[in-house]
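Visitor: Here it is, the structure, as structure tokens.
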Amino acid sequence: MKVLVLGGGVIGVATAYYLARAGHEVEVVDRQVGPALETSFANAGEVSPGYSTPWAGPGVPVKAMRWMLMQHSPLVIWPLLDPAMWRWGAMMLANCTAKAYALNKSRMVPLAEYSRDCLKLLRAETGIAYDERALGTLQLFRTHKQLDGVADDVAVLRQYGVPFEVLDRAGFCAVEPALKLTQHKFVGALRLPGDETGDCFKFTNRLAEMAAALGVQFRWDTRIQGLQVEGTGKGGAITGVHTDAGVLRAHKVVLALGSHSPLLLAPVGIRIPVYPVKGYSITLPITDAQYAPESTIMDETHKVAVTRLGDRIRVGGTAEIAGYNLNLREARRATLNHVVTDLFPKGGDVSQASFWCGLRPMTPDGTPIVGPTPVKDLLLATGHGTLGWTMAAGTGRVIADMVLGKVPEIDVGGLSMARYGP
């Protein structure tokens with residue numbers, strides 16, 4: 001069977017790899033000149049099933065208002081005359097209840113845990129290397145109120161069987177020795193030892209090479225102009241994909257275009273609540289390894305992650321709601337600089353840091369959209385938000401099983417767009 005995968009980021013490439021391994025003829029189409037050059041390029045580097053939680057939850061609207069008043073705010077909203085932004089925001093607010101939070105998390109965690117297991121197996125089978133480390137994630141708390149609030153997180157972690165440790169200063173310094181210099185700024189930490197880190201860009205490029213060796217064809221520098229669908233409603237079927245290289249045809253099409261997915265779907269009558277939320281990162285060279293992080297540290301106050309990737313430090317975070325705008329704003333860079341120098345003042349050289357931003361494809365309930373659409377033979381793999389790297393391998397496996405007509409190894413009942421209604 002021939003399958004077209006639209007999108008060459010980590011989700012699209014992982015999907016193509018697993019489809020090819022299952023014996024399909026696969027072609028990947030992307031407007032960029034190579035893999036992982038948009039949202040997958042310079043993310044925070046976390047493979048964190050333990051942090052697979054919806055942004056929408058009880059108390060979040062009040063927190064959001066406080067965040068926006070901070071000097072180094074983790075959230076920035078630029079109000080636009082964009083109905084999609086306001087619809088998405090209203091849907092997110094509707095998900096800020098305890099009941100919705102529990103349901104959404106129950107849909108996210110199985111995919112995230114499954115994906116990490118798929119990644120481990122892939123690493124064991126192929127030896128793929130991408131500056132990976134399996135040393136866990138450390139969430140640092142600056143106030144006793146934050147530390148006391150960890151009880152709710154711990155209850156959820158226990159519910160899903162996620163290993164964790166609540167650490168005092170001596171405890172978090174034992175796993176991250178470089179924090180001894182700045183330990184007085186923090187009152188405690190939550191550690192998730194099962195989490196991993198790695199360079200998503202390196203991973204995606206190496207997986208693309210492995211996929212090519214299995215016969216996957218990559219059509220780079222090709223703009224996707226639209227979907228060709230015959231019929232309407234449940235009787236509609238995809239018959240081709242319009243590109244600047246002509247109409248491409250296949251038995252099935254997988255749409256993995258991140259934040260741009262809804263723009264391609266709307267003309268054929270499919271509407272999904274995926275909206276771009278811009279994230280930023282800086283990447284700086286390590287100047288003294290003993291003063292650099294060992295794995296990933298999450299500063300709970302600023303919602304910024306600091307990750308070691310080989311001989312570099314990646315600092316990623318902030319959420320900016322500004323449509324499809326990709327302007328690099330110096331205020332966001334200042335926040336990232338502040339966090340890394342506050343935590344690891346001797347670890348790296350911010351004067352040599354590269355600055356980047358990307359658009360995370362967010363759903364209002366936090367759960368990605370993976371599965372069929374009302375259009376026959378068109379499947380979706382989008383809406384992963386900040387967890388695309390975490391959920392990539394598992395998403396690829398799930399889509400490959402769906403294409404084969406197999407029942408996936410995890411419950412995917414709540415992942416399709418059907419959860420939003422007709």
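In the structure tokens, the first chain shown is A, the next is B, and so on; residue numbers restart at 1 for each chain, and ligands run from 1 in the order shown.
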Compile a residue-level contact table for region 221-284 of chain A against region 414-421 of chain A at a cut-off of 12 Å, reporting for every qualifying residue the shortest atom pair and its distance in Å to one decimal, with only C-alpha atoms counted, rows ordered by chain and ascending number, as JSON lines.

Guide:
```
{"residue": "A:Pro262", "atom": "CA", "partner": "A:Met417", "partner_atom": "CA", "distance": 11.7}
{"residue": "A:Ile270", "atom": "CA", "partner": "A:Met417", "partner_atom": "CA", "distance": 9.7}
{"residue": "A:Arg271", "atom": "CA", "partner": "A:Met417", "partner_atom": "CA", "distance": 9.0}
{"residue": "A:Ile272", "atom": "CA", "partner": "A:Met417", "partner_atom": "CA", "distance": 7.0}
{"residue": "A:Pro273", "atom": "CA", "partner": "A:Tyr420", "partner_atom": "CA", "distance": 8.5}
{"residue": "A:Val274", "atom": "CA", "partner": "A:Met417", "partner_atom": "CA", "distance": 10.6}
```

Visitor: Just list as a list in words whatever in region 173-255 of chain A DSSP marks as helix (DSSP H, G or I).

Guide: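 Put together, the selection reads Cys173, Ala174, Val175, Pro177, Ala178, Leu179, Lys180, Leu181, Gln183, His184, Lys185, Cys200, Phe201, Lys202, Phe203, Thr204, Asn205, Arg206, Leu207, Ala208, Glu209, Met210, Ala211, Ala212, Ala213, Gly233, Lys234 and Gly235 of chain A.
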
Visitor: Take the residues just selected and output them with N, CA and C atoms as an mmCIF file, in the first residue's frame.

Guide:
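In the end it all went to out.cif:
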```cif
data_model
loop_
_atom_site.group_PDB
_atom_site.id
_atom_site.type_symbol
_atom_site.label_atom_id
_atom_site.label_comp_id
_atom_site.auth_asym_id
_atom_site.auth_seq_id
_atom_site.Cartn_x
_atom_site.Cartn_y
_atom_site.Cartn_z
ATOM 1 N N CYS A 173 20.532 18.187 45.013
ATOM 2 C CA CYS A 173 21.950 18.419 44.713
ATOM 3 C C CYS A 173 22.681 17.101 44.444
ATOM 4 N N ALA A 174 22.175 16.015 45.013
ATOM 5 C CA ALA A 174 22.793 14.712 44.772
ATOM 6 C C ALA A 174 22.617 14.275 43.321
ATOM 7 N N VAL A 175 21.462 14.600 42.705
ATOM 8 C CA VAL A 175 21.226 14.204 41.316
ATOM 9 C C VAL A 175 21.681 15.283 40.333
ATOM 10 N N PRO A 177 24.523 17.929 40.785
ATOM 11 C CA PRO A 177 25.558 18.536 41.630
ATOM 12 C C PRO A 177 25.807 20.016 41.357
ATOM 13 N N ALA A 178 25.622 20.452 40.128
ATOM 14 C CA ALA A 178 25.888 21.854 39.802
ATOM 15 C C ALA A 178 24.951 22.811 40.531
ATOM 16 N N LEU A 179 23.828 22.306 41.030
ATOM 17 C CA LEU A 179 22.885 23.163 41.752
ATOM 18 C C LEU A 179 23.370 23.531 43.153
ATOM 19 N N LYS A 180 24.488 22.954 43.587
ATOM 20 C CA LYS A 180 25.012 23.309 44.909
ATOM 21 C C LYS A 180 25.310 24.801 45.007
ATOM 22 N N LEU A 181 25.681 25.403 43.869
ATOM 23 C CA LEU A 181 25.990 26.838 43.869
ATOM 24 C C LEU A 181 24.753 27.703 44.117
ATOM 25 N N GLN A 183 21.579 26.381 45.351
ATOM 26 C CA GLN A 183 20.555 25.625 46.063
ATOM 27 C C GLN A 183 19.723 26.480 47.009
ATOM 28 N N HIS A 184 20.301 27.548 47.513
ATOM 29 C CA HIS A 184 19.584 28.398 48.460
ATOM 30 C C HIS A 184 18.366 29.085 47.838
ATOM 31 N N LYS A 185 18.277 29.106 46.529
ATOM 32 C CA LYS A 185 17.159 29.751 45.851
ATOM 33 C C LYS A 185 15.925 28.854 45.776
ATOM 34 N N CYS A 200 16.001 16.420 19.559
ATOM 35 C CA CYS A 200 14.951 16.013 18.635
ATOM 36 C C CYS A 200 15.380 16.181 17.177
ATOM 37 N N PHE A 201 16.115 17.222 16.871
ATOM 38 C CA PHE A 201 16.586 17.462 15.498
ATOM 39 C C PHE A 201 17.524 16.343 15.048
ATOM 40 N N LYS A 202 18.477 15.988 15.916
ATOM 41 C CA LYS A 202 19.396 14.895 15.573
ATOM 42 C C LYS A 202 18.639 13.582 15.400
ATOM 43 N N PHE A 203 17.720 13.323 16.315
ATOM 44 C CA PHE A 203 16.942 12.089 16.244
ATOM 45 C C PHE A 203 16.175 12.010 14.930
ATOM 46 N N THR A 204 15.470 13.083 14.589
ATOM 47 C CA THR A 204 14.626 13.067 13.392
ATOM 48 C C THR A 204 15.460 12.883 12.138
ATOM 49 N N ASN A 205 16.606 13.530 12.067
ATOM 50 C CA ASN A 205 17.457 13.377 10.890
ATOM 51 C C ASN A 205 18.012 11.964 10.767
ATOM 52 N N ARG A 206 18.405 11.374 11.873
ATOM 53 C CA ARG A 206 18.946 10.017 11.814
ATOM 54 C C ARG A 206 17.848 8.994 11.529
ATOM 55 N N LEU A 207 16.664 9.238 12.077
ATOM 56 C CA LEU A 207 15.557 8.341 11.781
ATOM 57 C C LEU A 207 15.149 8.466 10.311
ATOM 58 N N ALA A 208 15.236 9.676 9.757
ATOM 59 C CA ALA A 208 14.939 9.867 8.341
ATOM 60 C C ALA A 208 15.922 9.078 7.477
ATOM 61 N N GLU A 209 17.191 9.052 7.860
ATOM 62 C CA GLU A 209 18.180 8.253 7.121
ATOM 63 C C GLU A 209 17.833 6.768 7.188
ATOM 64 N N MET A 210 17.410 6.308 8.365
ATOM 65 C CA MET A 210 17.026 4.913 8.524
ATOM 66 C C MET A 210 15.757 4.602 7.720
ATOM 67 N N ALA A 211 14.817 5.561 7.688
ATOM 68 C CA ALA A 211 13.600 5.375 6.905
ATOM 69 C C ALA A 211 13.924 5.308 5.412
ATOM 70 N N ALA A 212 14.845 6.170 4.960
ATOM 71 C CA ALA A 212 15.253 6.149 3.554
ATOM 72 C C ALA A 212 15.873 4.806 3.185
ATOM 73 N N ALA A 213 16.629 4.227 4.112
ATOM 74 C CA ALA A 213 17.230 2.913 3.864
ATOM 75 C C ALA A 213 16.167 1.828 3.731
ATOM 76 N N GLY A 233 -18.995 14.742 3.234
ATOM 77 C CA GLY A 233 -19.407 14.067 4.461
ATOM 78 C C GLY A 233 -18.768 12.700 4.605
ATOM 79 N N LYS A 234 -19.551 11.757 5.120
ATOM 80 C CA LYS A 234 -19.009 10.422 5.353
ATOM 81 C C LYS A 234 -18.716 9.685 4.049
ATOM 82 N N GLY A 235 -19.282 10.174 2.951
ATOM 83 C CA GLY A 235 -19.031 9.514 1.665
ATOM 84 C C GLY A 235 -17.806 10.046 0.955
#
```

Visitor: Using backbone DSSP assignments, extract all strand (DSSP E or B) residues from region 42-156 of chain A; output them as a PyMOL selection string.

Guide: chain A and resi 46-47+75-77+133+137-141

Visitor: Go ahead and save the picked residues with C-alpha atoms, as a compact mmCIF listing (two decimals), in the first residue's frame.

Guide:
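Resulting contents of out_36.txt:
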```txt
# COMPACT_ATOMS: atom_id res chain seq x y z
CA GLU A 46 12.53 16.55 27.04
CA VAL A 47 11.04 13.10 26.58
CA LEU A 75 2.70 33.25 29.29
CA VAL A 76 2.18 36.08 26.81
CA ILE A 77 -1.03 36.69 24.88
CA ARG A 133 20.31 10.69 28.41
CA THR A 137 13.61 15.29 35.06
CA LEU A 138 13.89 17.56 38.10
CA GLN A 139 11.16 20.13 38.81
CA LEU A 140 12.50 22.86 41.08
CA PHE A 141 10.34 24.87 43.49
```

Visitor: Which value, in Å to one decimal, gives the distance between CA of Val166 (chain A) and CA of Asp288 (chain A)?

Guide: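 Atom-to-atom, CA of Val166 (chain A) and CA of Asp288 (chain A) are spaced 28.0 Å apart.
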
Visitor: So, counting only C-alpha atoms, which residue among A:Pro374, A:Pro276, A:Gly89, A:Pro364 is closest to Trp55 (chain A)?

Guide: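 Checking each candidate against Trp55 (chain A), we get A:Pro364 as the closest.
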
Visitor: Please report, as JSON lines, each residue of region 313-405 of chain A lying at most 10 Å from region 32-38 of chain A, together with the nearest pair of atoms and the separation in Å rounded to one decimal; use only C-alpha atoms, and order rows by chain and ascending residue number.

Guide:
```
{"residue": "A:Trp356", "atom": "CA", "partner": "A:Glu38", "partner_atom": "CA", "distance": 9.9}
{"residue": "A:Cys357", "atom": "CA", "partner": "A:Glu38", "partner_atom": "CA", "distance": 8.7}
{"residue": "A:Gly358", "atom": "CA", "partner": "A:Glu38", "partner_atom": "CA", "distance": 6.2}
{"residue": "A:Leu359", "atom": "CA", "partner": "A:Glu38", "partner_atom": "CA", "distance": 7.8}
{"residue": "A:Arg360", "atom": "CA", "partner": "A:Glu38", "partner_atom": "CA", "distance": 9.7}
```

Visitor: Any idea what's packed within 12 Å of Gly23 (chain A), counting only C-alpha atoms, ignoring anything in its chain fewer than 6 positions away? Could you give it as a list in words?

Guide: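 After dropping sequence-adjacent residues, the list is Met1, Lys2, Val3, Ala16, Tyr17, Ala211, Leu214, Gly215, Val216, Ala400, Asp401, Val403 and Leu404 of chain A.
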
Visitor: Could you dump the residues just selected with N, CA and C atoms as a CSV table (one decimal), in the first residue's frame?

Guide:
```
chain,number,residue,atom,x,y,z
A,1,MET,N,0.8,-1.2,0.0
A,1,MET,CA,0.0,0.0,0.0
A,1,MET,C,0.9,1.2,0.0
A,2,LYS,N,0.5,2.2,-0.8
A,2,LYS,CA,1.3,3.5,-0.8
A,2,LYS,C,0.6,4.5,0.2
A,3,VAL,N,1.5,5.1,1.0
A,3,VAL,CA,1.0,6.1,2.0
A,3,VAL,C,1.8,7.4,1.8
A,16,ALA,N,6.5,7.8,9.2
A,16,ALA,CA,7.0,7.2,7.9
A,16,ALA,C,7.9,6.0,8.2
A,17,TYR,N,8.7,6.1,9.2
A,17,TYR,CA,9.6,5.0,9.6
A,17,TYR,C,8.8,3.7,9.9
A,211,ALA,N,14.8,5.6,7.7
A,211,ALA,CA,13.6,5.4,6.9
A,211,ALA,C,13.9,5.3,5.4
A,214,LEU,N,15.0,2.1,4.3
A,214,LEU,CA,13.9,1.1,4.2
A,214,LEU,C,13.0,1.4,2.9
A,215,GLY,N,13.4,2.4,2.2
A,215,GLY,CA,12.7,2.7,1.0
A,215,GLY,C,11.8,4.0,1.0
A,216,VAL,N,11.7,4.7,2.1
A,216,VAL,CA,10.9,5.9,2.1
A,216,VAL,C,11.5,6.9,1.2
A,400,ALA,N,0.8,3.5,12.1
A,400,ALA,CA,1.2,2.3,11.3
A,400,ALA,C,0.2,1.2,11.6
A,401,ASP,N,-0.2,1.0,12.8
A,401,ASP,CA,-1.1,-0.1,13.1
A,401,ASP,C,-2.5,0.2,12.5
A,403,VAL,N,-3.1,2.0,9.8
A,403,VAL,CA,-3.1,1.8,8.4
A,403,VAL,C,-3.1,0.3,8.0
A,404,LEU,N,-2.5,-0.5,8.9
A,404,LEU,CA,-2.5,-1.9,8.6
A,404,LEU,C,-3.9,-2.6,9.0
```

Visitor: Counting only C-alpha atoms, which residue out of A:Leu190, A:Leu135, A:Ile410, A:Met362 sits closest to Glu300 (chain A)?

Guide: A:Leu190

Visitor: Report as a list in words all protein, DNA and RNA residues lying within 10 Å of Leu343 (chain A), evaluated on only C-alpha atoms, omitting residues in the same chain fewer than 2 positions from it.

Guide: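 Contacts, in chain order: Ala178, Leu179, Lys180, Leu181, Thr182, Gln183, Lys185, Phe186, Tyr291, Ala292, Pro293, Ile297, Asp299, Val306, His338, Val339, Val340, Thr341, Pro345, Lys346 and Gly347 of chain A.
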
Visitor: Would you pick out the contacts of Gly385 (chain A) at 8 Å or less, using only C-alpha atoms, so that residues sharing its chain but fewer than 5 positions from it are not included, and give the list as an NGL selection string?

Guide: :A and (277 or 360-363 or 366 or 368)

Visitor: Check the smallest atom-to-atom distance from each of A:Ser48, A:Thr301, A:Gln352, A:Asn337 to Thr197 (chain A) using only C-alpha atoms, then report the winner.

Guide: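 Of A:Ser48, A:Thr301, A:Gln352, A:Asn337, the one nearest Thr197 (chain A) is A:Ser48, counting only C-alpha atoms.
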
Visitor: Compile the contact shell of Pro193 (chain A) as JSON, numbers by chain: residues with an atom at most 7 Å away, counting only C-alpha atoms, same-chain residues fewer than 2 positions apart removed.

Guide: {"A": [135, 136, 137, 163, 164, 191, 195]}

Visitor: Given the selection you just returned, output its residues as a file containing C-alpha atoms, formatted as an mmCIF file, in the first residue's frame.

Guide:
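Final file, result_21.cif:
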```
data_model
loop_
_atom_site.group_PDB
_atom_site.id
_atom_site.type_symbol
_atom_site.label_atom_id
_atom_site.label_comp_id
_atom_site.auth_asym_id
_atom_site.auth_seq_id
_atom_site.Cartn_x
_atom_site.Cartn_y
_atom_site.Cartn_z
ATOM 1 C CA LEU A 135 18.588 10.510 33.905
ATOM 2 C CA GLY A 136 15.122 11.821 34.678
ATOM 3 C CA THR A 137 13.611 15.288 35.056
ATOM 4 C CA PRO A 163 7.871 6.715 39.551
ATOM 5 C CA PHE A 164 8.739 9.899 41.456
ATOM 6 C CA ARG A 191 12.100 14.190 40.398
ATOM 7 C CA ASP A 195 12.003 10.649 31.939
#
```
